[in-house]
Each structure stands twice: as C-alpha cells, then as structure tokens.
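K.L.:
Take a look at entry-v6.pdb, PDB, C-alpha atoms:
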```
ATOM      1  CA  PRO A   1      25.208  24.334   0.889
ATOM      2  CA  TYR A   2      22.671  24.279  -1.914
ATOM      3  CA  GLU A   3      20.067  22.425   0.141
ATOM      4  CA  LYS A   4      19.934  25.419   2.537
ATOM      5  CA  SER A   5      19.232  27.934  -0.236
ATOM      6  CA  HIS A   6      15.760  29.460  -0.527
ATOM      7  CA  TYR A   7      15.969  28.425  -4.223
ATOM      8  CA  TYR A   8      16.464  24.747  -3.382
ATOM      9  CA  PHE A   9      12.827  23.871  -4.142
ATOM     10  CA  LEU A  10      13.135  25.402  -7.630
ATOM     11  CA  TRP A  11      16.566  23.912  -8.288
ATOM     12  CA  SER A  12      15.145  20.487  -7.420
ATOM     13  CA  VAL A  13      12.601  20.865 -10.216
ATOM     14  CA  ILE A  14      15.338  21.951 -12.639
ATOM     15  CA  VAL A  15      17.656  19.100 -11.656
ATOM     16  CA  ASP A  16      14.777  16.643 -12.065
ATOM     17  CA  ARG A  17      13.966  17.961 -15.538
ATOM     18  CA  VAL A  18      17.617  17.814 -16.591
ATOM     19  CA  ARG A  19      17.985  14.244 -15.332
ATOM     20  CA  ARG A  20      14.692  13.028 -16.851
ATOM     21  CA  ALA A  21      15.679  14.459 -20.243
ATOM     22  CA  GLY A  22      19.027  12.667 -20.059
ATOM     23  CA  PHE A  23      21.042  15.842 -20.404
ATOM     24  CA  THR A  24      24.664  15.471 -19.317
ATOM     25  CA  LYS A  25      26.265  18.707 -20.530
ATOM     26  CA  VAL A  26      25.019  21.877 -18.817
ATOM     27  CA  LEU A  27      25.747  25.513 -19.619
ATOM     28  CA  GLU A  28      24.521  27.838 -16.878
ATOM     29  CA  ILE A  29      24.213  31.559 -17.552
ATOM     30  CA  GLY A  30      24.556  33.587 -14.348
ATOM     31  CA  CYS A  31      26.048  30.794 -12.257
ATOM     32  CA  GLY A  32      27.049  32.941  -9.257
ATOM     33  CA  PRO A  33      29.018  30.976  -6.649
ATOM     34  CA  ALA A  34      27.865  27.651  -8.162
ATOM     35  CA  GLN A  35      25.289  26.347  -5.707
ATOM     36  CA  LEU A  36      23.106  24.966  -8.494
ATOM     37  CA  ALA A  37      26.232  23.643 -10.221
ATOM     38  CA  ASN A  38      27.129  21.752  -7.059
ATOM     39  CA  TYR A  39      23.639  20.223  -6.967
ATOM     40  CA  LEU A  40      23.815  19.224 -10.640
ATOM     41  CA  VAL A  41      27.254  17.648 -10.252
ATOM     42  CA  ASP A  42      26.097  15.781  -7.140
ATOM     43  CA  GLN A  43      23.267  14.384  -9.280
ATOM     44  CA  GLY A  44      25.610  13.072 -11.959
ATOM     45  CA  ILE A  45      25.988  15.827 -14.541
ATOM     46  CA  GLN A  46      29.121  14.915 -16.483
ATOM     47  CA  SER A  47      30.020  18.311 -17.916
ATOM     48  CA  TYR A  48      29.212  21.678 -16.373
ATOM     49  CA  THR A  49      30.187  25.176 -17.528
ATOM     50  CA  GLY A  50      29.065  28.311 -15.715
ATOM     51  CA  LEU A  51      29.232  31.928 -16.872
ATOM     52  CA  ASP A  52      28.981  34.964 -14.624
ATOM     53  CA  PHE A  53      29.932  38.632 -14.970
ATOM     54  CA  SER A  54      31.464  38.701 -11.481
ATOM     55  CA  PRO A  55      35.113  37.603 -11.128
ATOM     56  CA  HIS A  56      34.501  37.219  -7.387
ATOM     57  CA  ALA A  57      31.548  34.850  -7.952
ATOM     58  CA  ILE A  58      33.622  32.842 -10.431
ATOM     59  CA  GLU A  59      36.469  32.481  -7.937
ATOM     60  CA  MET A  60      33.992  31.195  -5.335
ATOM     61  CA  ALA A  61      32.465  28.845  -7.926
ATOM     62  CA  LYS A  62      35.867  27.325  -8.736
ATOM     63  CA  VAL A  63      36.344  26.520  -5.053
ATOM     64  CA  ASN A  64      32.797  25.195  -4.603
ATOM     65  CA  VAL A  65      32.819  22.952  -7.695
ATOM     66  CA  PRO A  66      36.400  22.157  -8.689
ATOM     67  CA  THR A  67      35.265  19.790 -11.457
ATOM     68  CA  GLY A  68      33.282  22.528 -13.231
ATOM     69  CA  ARG A  69      34.477  25.005 -15.785
ATOM     70  CA  PHE A  70      33.781  28.645 -14.913
ATOM     71  CA  VAL A  71      34.110  31.692 -17.118
ATOM     72  CA  VAL A  72      33.853  35.420 -16.454
ATOM     73  CA  GLY A  73      31.852  36.905 -19.298
ATOM     74  CA  ASP A  74      28.922  38.848 -20.675
ATOM     75  CA  ALA A  75      25.651  36.916 -20.881
ATOM     76  CA  ARG A  76      24.561  39.065 -23.826
ATOM     77  CA  GLU A  77      27.338  37.634 -26.012
ATOM     78  CA  ARG A  78      27.107  34.368 -27.956
ATOM     79  CA  THR A  79      30.753  33.423 -27.387
ATOM     80  CA  ILE A  80      30.251  30.963 -24.528
ATOM     81  CA  HIS A  81      27.440  29.216 -26.413
ATOM     82  CA  THR A  82      29.655  28.530 -29.416
ATOM     83  CA  GLN A  83      32.707  27.507 -27.368
ATOM     84  CA  VAL A  84      31.053  25.039 -24.997
ATOM     85  CA  ASN A  85      29.504  21.717 -25.958
ATOM     86  CA  HIS A  86      26.183  21.625 -24.102
ATOM     87  CA  ASP A  87      22.743  20.106 -24.435
ATOM     88  CA  VAL A  88      20.848  22.363 -22.038
ATOM     89  CA  VAL A  89      21.049  26.021 -21.009
ATOM     90  CA  ILE A  90      20.021  26.998 -17.493
ATOM     91  CA  CYS A  91      19.461  30.623 -16.520
ATOM     92  CA  THR A  92      17.886  31.067 -13.080
ATOM     93  CA  GLU A  93      17.069  34.370 -11.438
ATOM     94  CA  VAL A  94      19.175  36.358 -13.900
ATOM     95  CA  LEU A  95      16.973  37.856 -16.608
ATOM     96  CA  GLU A  96      15.093  40.150 -14.217
ATOM     97  CA  HIS A  97      18.382  41.878 -13.361
ATOM     98  CA  ILE A  98      19.470  42.729 -16.921
ATOM     99  CA  GLU A  99      18.147  45.602 -19.049
ATOM    100  CA  ASP A 100      19.151  43.717 -22.206
ATOM    101  CA  ASP A 101      17.503  40.461 -21.142
ATOM    102  CA  LEU A 102      16.250  39.789 -24.659
ATOM    103  CA  LYS A 103      19.856  39.903 -25.905
ATOM    104  CA  VAL A 104      20.722  37.258 -23.328
ATOM    105  CA  VAL A 105      17.919  34.965 -24.512
ATOM    106  CA  ALA A 106      18.713  35.657 -28.172
ATOM    107  CA  ALA A 107      22.301  34.470 -27.521
ATOM    108  CA  PHE A 108      21.129  30.978 -26.475
ATOM    109  CA  THR A 109      22.005  28.335 -29.068
ATOM    110  CA  PRO A 110      19.147  27.428 -31.423
ATOM    111  CA  GLY A 111      18.039  23.833 -30.984
ATOM    112  CA  LYS A 112      19.049  23.658 -27.317
ATOM    113  CA  THR A 113      16.591  23.128 -24.484
ATOM    114  CA  CYS A 114      16.544  26.080 -22.095
ATOM    115  CA  LEU A 115      15.302  26.369 -18.509
ATOM    116  CA  CYS A 116      14.934  29.936 -17.244
ATOM    117  CA  SER A 117      13.382  31.200 -14.034
ATOM    118  CA  VAL A 118      12.167  34.678 -13.102
ATOM    119  CA  PRO A 119      10.253  36.004 -10.069
ATOM    120  CA  ASN A 120       6.927  37.743  -9.475
ATOM    121  CA  PHE A 121       8.246  40.332  -7.000
ATOM    122  CA  ALA A 122      10.052  43.652  -7.098
ATOM    123  CA  ASN A 123      13.510  44.052  -5.626
ATOM    124  CA  GLU A 124      15.953  46.944  -5.754
ATOM    125  CA  SER A 125      18.199  44.879  -8.035
ATOM    126  CA  HIS A 126      15.369  43.908 -10.444
ATOM    127  CA  VAL A 127      14.731  45.901 -13.595
ATOM    128  CA  ARG A 128      11.528  43.914 -14.124
ATOM    129  CA  TYR A 129       9.363  41.218 -12.621
ATOM    130  CA  PHE A 130       6.359  39.283 -13.842
ATOM    131  CA  LYS A 131       2.799  39.134 -12.496
ATOM    132  CA  ASP A 132       1.999  35.739 -14.027
ATOM    133  CA  ALA A 133       3.119  33.020 -16.416
ATOM    134  CA  GLY A 134       1.391  34.796 -19.304
ATOM    135  CA  GLU A 135       3.677  37.807 -18.918
ATOM    136  CA  VAL A 136       6.727  35.523 -19.020
ATOM    137  CA  LEU A 137       5.490  33.891 -22.238
ATOM    138  CA  ALA A 138       4.663  37.292 -23.727
ATOM    139  CA  ARG A 139       8.234  38.510 -23.157
ATOM    140  CA  TYR A 140      10.274  35.393 -23.967
ATOM    141  CA  GLY A 141       7.979  32.874 -25.667
ATOM    142  CA  ARG A 142       8.753  33.998 -29.225
ATOM    143  CA  PHE A 143      12.351  32.793 -28.818
ATOM    144  CA  PHE A 144      11.316  29.198 -28.100
ATOM    145  CA  ASN A 145       9.509  26.310 -29.705
ATOM    146  CA  ASP A 146       7.112  24.495 -27.393
ATOM    147  CA  ALA A 147       7.594  27.028 -24.586
ATOM    148  CA  THR A 148       5.841  26.310 -21.309
ATOM    149  CA  VAL A 149       5.858  28.231 -18.057
ATOM    150  CA  ALA A 150       5.216  26.590 -14.697
ATOM    151  CA  THR A 151       4.479  28.619 -11.561
ATOM    152  CA  PHE A 152       5.988  27.671  -8.206
ATOM    153  CA  LYS A 153       5.117  29.130  -4.817
ATOM    154  CA  SER A 154       8.106  29.906  -2.624
ATOM    155  CA  PRO A 155       8.229  27.914   0.630
ATOM    156  CA  CYS A 156       9.998  30.907   2.217
ATOM    157  CA  ASP A 157       7.393  33.588   1.478
ATOM    158  CA  PRO A 158       3.771  32.720   0.622
ATOM    159  CA  ASN A 159       3.500  35.782  -1.650
ATOM    160  CA  ASP A 160       6.534  34.994  -3.785
ATOM    161  CA  ARG A 161       6.191  33.045  -7.003
ATOM    162  CA  PHE A 162       8.810  31.830  -9.423
ATOM    163  CA  PHE A 163       8.097  31.140 -13.059
ATOM    164  CA  LEU A 164      10.075  28.406 -14.827
ATOM    165  CA  LEU A 165      10.133  28.703 -18.596
ATOM    166  CA  GLN A 166      11.168  25.666 -20.590
ATOM    167  CA  GLY A 167      11.496  25.469 -24.341
ATOM    168  CA  VAL A 168      13.780  24.746 -27.254
ATOM    169  CA  ARG A 169      15.519  27.850 -28.569
ATOM    170  CA  ASN A 170      14.381  28.624 -32.108
ATOM    171  CA  GLU A 171      16.137  30.618 -34.842
ATOM    172  CA  LEU A 172      14.312  33.884 -34.134
ATOM    173  CA  GLY A 173      16.584  36.872 -33.698
ATOM    174  CA  LEU A 174      16.047  40.144 -31.868
ATOM    175  CA  ASP A 175      15.067  41.951 -35.059
ATOM    176  CA  GLN A 176      12.304  39.459 -35.908
ATOM    177  CA  ASN A 177       8.797  39.173 -34.484
TER     178      ASN A 177
END
```
Could you quickly redo this structure as structure tokens?

P.N.:
Amino acid sequence: PYEKSHYYFLWSVIVDRVRRAGFTKVLEIGCGPAQLANYLVDQGIQSYTGLDFSPHAIEMAKVNVPTGRFVVGDARERTIHTQVNHDVVICTEVLEHIEDDLKVVAAFTPGKTCLCSVPNFANESHVRYFKDAGEVLARYGRFFNDATVATFKSPCDPNDRFFLLQGVRNELGLDQN
C-alpha cells in the first residue's frame, strides 16, 4: 500500500499540489507498479495515465489501479505526451536513473505543469544525484518557466533528501541554451 512506502511523505506533497491546482488529468512518467497512481486516484484524480519501460511493472500497475491507463514505453520519446490529454506531468525518482534525463524532460509538453523529484544520495542504480536544490535548478531549470525546487528530509533516513522541482514546461529544446 502506498501509505507504507518510504516515499509516502513526498507523494503527499505532490498529491496536495495536484489537488490545490485543480488538476484532474495526470500523466506520470516512470509509474512503476502504480503506488502513486493509487494515491492520486484515491484522492479524486479523474484521469490517470502511467508510462514505464518495464512490462512487468505495467502489469502490476494494471492490477493495482484498474481504472488507470498504463503504457509500456520510452520516457525519452514524446509520443505519450501527444497521445494523452493531461494537465500535469509527474516524474518521481526517475531522472537520476537515466543517462538521457534531459531528453526525458525535453519530451514534456510545453505549457504543462511538471512535478519531478530527485534524490541527494548515490545508489548503484543512479547515474547521478544532486547535492542541493541549486544543482537541480542548474540541470533542469532552463526547461521550465517559474521553476522552484523544494527540499524534503526523508523520515526514513536523516541523511537523505529529496528535491521536488515544479515548473511549467517552456518551449526550450535540447539544442538551445
């Protein structure tokens, strides 16, 4: 259950921001087995689509949230963004795992609010991590208008921090500064 996850504290912030903004159509990049999707649906999200590269995770997601739509796909491609009507993009604990993370962010639909989280700690599956909110803004901020980064301390490990970036995707492409 999502409330038992060590990400629950962070997901609660995301769910609160989605609800306060009045968003009803969510596209989640890197949805995994759909714990966050389950939380969002429990809180009244009307339309949820999740993308993950893992067919196994997608099969679990379909069982966990039968009302959601789940797609196996490549987060670096724009396809899902153009095929799904959404008003917010959520991408939690994904970008640190992908070499081409900037391609993932560049694929987000311009004009859409995006909520992305990344950690401050190394892990064997991470290709990068961030020391502080400034590093997050330095890497991703150029892709967003009004980008902010909030820092959250993990309740599970006092040394772990999670950075939550929020902004509206602008028109900037990978080849532009």

K.L.:
Could you give me, as JSON, numbers by chain, the residues within 6 Å of region 109-113 of chain A, counting all atoms listed in the file and dropping anything in the same chain fewer than 6 positions from it?

P.N.:
{"A": [87, 88, 167, 168, 169, 170, 171]}

K.L.:
What separation in Å, quoted to one decimal, exists between CA of Cys91 (chain A) and CA of Ala21 (chain A)?

P.N.:
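Interatomic distance, CA of Cys91 (chain A) to CA of Ala21 (chain A): 17.0 Å.
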
K.L.:
Mind giving me the straight-line distance from CA of Ala150 (chain A) to CA of Glu28 (chain A) in Å, one decimal?

P.N.:
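Answer for the CA of Ala150 (chain A) to CA of Glu28 (chain A) separation: 19.5 Å.
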
K.L.:
Pick from A:Val41, A:Gln83, A:Tyr7, A:Ala138: nearest to Asp160 (chain A), with all atoms listed in the file counted?

P.N.:
A:Tyr7

K.L.:
What residues come out when you apply the PyMOL selection byres ((chain A and resi 119) around 6) to this file, written as JSON, numbers by chain?

P.N.:
{"A": [118, 120, 121, 129, 161, 162]}

K.L.:
Okay, now the selection with C-alpha atoms, as an mmCIF file, in the frame of the given file?

P.N.:
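Saved to part.cif:
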```
data_model
loop_
_atom_site.group_PDB
_atom_site.id
_atom_site.type_symbol
_atom_site.label_atom_id
_atom_site.label_comp_id
_atom_site.auth_asym_id
_atom_site.auth_seq_id
_atom_site.Cartn_x
_atom_site.Cartn_y
_atom_site.Cartn_z
ATOM 1 C CA VAL A 118 12.167 34.678 -13.102
ATOM 2 C CA ASN A 120 6.927 37.743 -9.475
ATOM 3 C CA PHE A 121 8.246 40.332 -7.000
ATOM 4 C CA TYR A 129 9.363 41.218 -12.621
ATOM 5 C CA ARG A 161 6.191 33.045 -7.003
ATOM 6 C CA PHE A 162 8.810 31.830 -9.423
#
```

K.L.:
Expand the PyMOL selection byres ((chain A and resi 67) around 12) into the individual residues it matches in the shown file, reporting them as a tab-separated table (two decimals) with C-alpha atoms, keeping the file's coordinate frame.

P.N.:
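result-v8.tsv, freshly written:
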```tsv
chain	number	residue	atom	x	y	z
A	34	ALA	CA	27.86	27.65	-8.16
A	37	ALA	CA	26.23	23.64	-10.22
A	38	ASN	CA	27.13	21.75	-7.06
A	40	LEU	CA	23.82	19.22	-10.64
A	41	VAL	CA	27.25	17.65	-10.25
A	42	ASP	CA	26.10	15.78	-7.14
A	44	GLY	CA	25.61	13.07	-11.96
A	45	ILE	CA	25.99	15.83	-14.54
A	46	GLN	CA	29.12	14.92	-16.48
A	47	SER	CA	30.02	18.31	-17.92
A	48	TYR	CA	29.21	21.68	-16.37
A	49	THR	CA	30.19	25.18	-17.53
A	50	GLY	CA	29.06	28.31	-15.72
A	61	ALA	CA	32.47	28.84	-7.93
A	62	LYS	CA	35.87	27.32	-8.74
A	63	VAL	CA	36.34	26.52	-5.05
A	64	ASN	CA	32.80	25.20	-4.60
A	65	VAL	CA	32.82	22.95	-7.70
A	66	PRO	CA	36.40	22.16	-8.69
A	68	GLY	CA	33.28	22.53	-13.23
A	69	ARG	CA	34.48	25.00	-15.78
A	70	PHE	CA	33.78	28.64	-14.91
```

K.L.:
So that I can see what lies close to Lys103 (chain A), please list as number ranges by chain the residues with an atom at most 8 Å from it, counting only C-alpha atoms and leaving out residues fewer than 3 positions away in the same chain.

P.N.:
A: 76-77, 100, 106-107, 174

K.L.:
Skipping near chain neighbours, those fewer than 3 positions away, what residues fall within 7 Å of Pro55 (chain A) using all atoms listed in the file, listed as a ChimeraX atom specification?

P.N.:
/A:58-59,72

K.L.:
Near Leu172 (chain A), within 8 Å and counting only C-alpha atoms, which residues show up once chain neighbours fewer than 3 positions away are dropped, as a list in words?

P.N.:
Ala106, Arg142, Phe143, Gln176 and Asn177 of chain A

K.L.:
Could you check how far CA of Gly22 (chain A) sits from CA of Asp132 (chain A), in Å to one decimal?

P.N.:
29.3 Å

K.L.:
From (14.2, 24.4, -7.8), in the file's coordinates, out to 10 Å: which residues are reached, counting only C-alpha atoms? Answer as number ranges by chain.

P.N.:
A: 5-16, 36, 92, 117, 152, 154, 162, 164

K.L.:
Include C-alpha atoms and write out the residues we just selected as a PDB file, in the frame of the given file.

P.N.:
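Output below, filename part18.pdb:
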```
ATOM      1  CA  SER A   5      19.232  27.934  -0.236  1.00  0.00           C
ATOM      2  CA  HIS A   6      15.760  29.460  -0.527  1.00  0.00           C
ATOM      3  CA  TYR A   7      15.969  28.425  -4.223  1.00  0.00           C
ATOM      4  CA  TYR A   8      16.464  24.747  -3.382  1.00  0.00           C
ATOM      5  CA  PHE A   9      12.827  23.871  -4.142  1.00  0.00           C
ATOM      6  CA  LEU A  10      13.135  25.402  -7.630  1.00  0.00           C
ATOM      7  CA  TRP A  11      16.566  23.912  -8.288  1.00  0.00           C
ATOM      8  CA  SER A  12      15.145  20.487  -7.420  1.00  0.00           C
ATOM      9  CA  VAL A  13      12.601  20.865 -10.216  1.00  0.00           C
ATOM     10  CA  ILE A  14      15.338  21.951 -12.639  1.00  0.00           C
ATOM     11  CA  VAL A  15      17.656  19.100 -11.656  1.00  0.00           C
ATOM     12  CA  ASP A  16      14.777  16.643 -12.065  1.00  0.00           C
ATOM     13  CA  LEU A  36      23.106  24.966  -8.494  1.00  0.00           C
ATOM     14  CA  THR A  92      17.886  31.067 -13.080  1.00  0.00           C
ATOM     15  CA  SER A 117      13.382  31.200 -14.034  1.00  0.00           C
ATOM     16  CA  PHE A 152       5.988  27.671  -8.206  1.00  0.00           C
ATOM     17  CA  SER A 154       8.106  29.906  -2.624  1.00  0.00           C
ATOM     18  CA  PHE A 162       8.810  31.830  -9.423  1.00  0.00           C
ATOM     19  CA  LEU A 164      10.075  28.406 -14.827  1.00  0.00           C
TER      20      LEU A 164
END
```

K.L.:
Pick the closest to Leu165 (chain A) from A:Ala122, A:Leu115, A:Leu95, A:Val89: which is it, counting all atoms listed in the file?

P.N.:
A:Leu115

K.L.:
Using all atoms listed in the file for the distances, tell me which of A:Arg17, A:Lys131, A:Arg78, A:Lys153 is nearest to Ile90 (chain A).

P.N.:
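Looking at the shortest contact to Ile90 (chain A), the residue is A:Arg17.
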
K.L.:
Quick one: residues within 8 Å of His97 (chain A), all atoms listed in the file, excluding same-chain residues fewer than 3 positions away - as a ChimeraX atom specification?

P.N.:
/A:93-94,101,125-128

K.L.:
Closest to Gln35 (chain A) among A:Cys114, A:Pro1, A:Gly73, A:Arg20, using only C-alpha atoms?

P.N.:
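For Gln35 (chain A), the nearest of the given residues is A:Pro1.
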
K.L.:
Work out where the centre of an axis-aligned box around every listed atom of region 153-171 of chain A lies and how long its edges are once 8 Å is added on each side; give both in Å to one decimal as JSON.

P.N.:
```
{"center_x": 9.8, "center_y": 30.3, "center_z": -16.3, "size_x": 28.6, "size_y": 27.0, "size_z": 53.1}
```

K.L.:
Given the PyMOL selection byres ((chain A and resi 133) around 7) and the file above, list the residues it selects as a ChimeraX atom specification.

P.N.:
/A:132,134-137,149-151,163
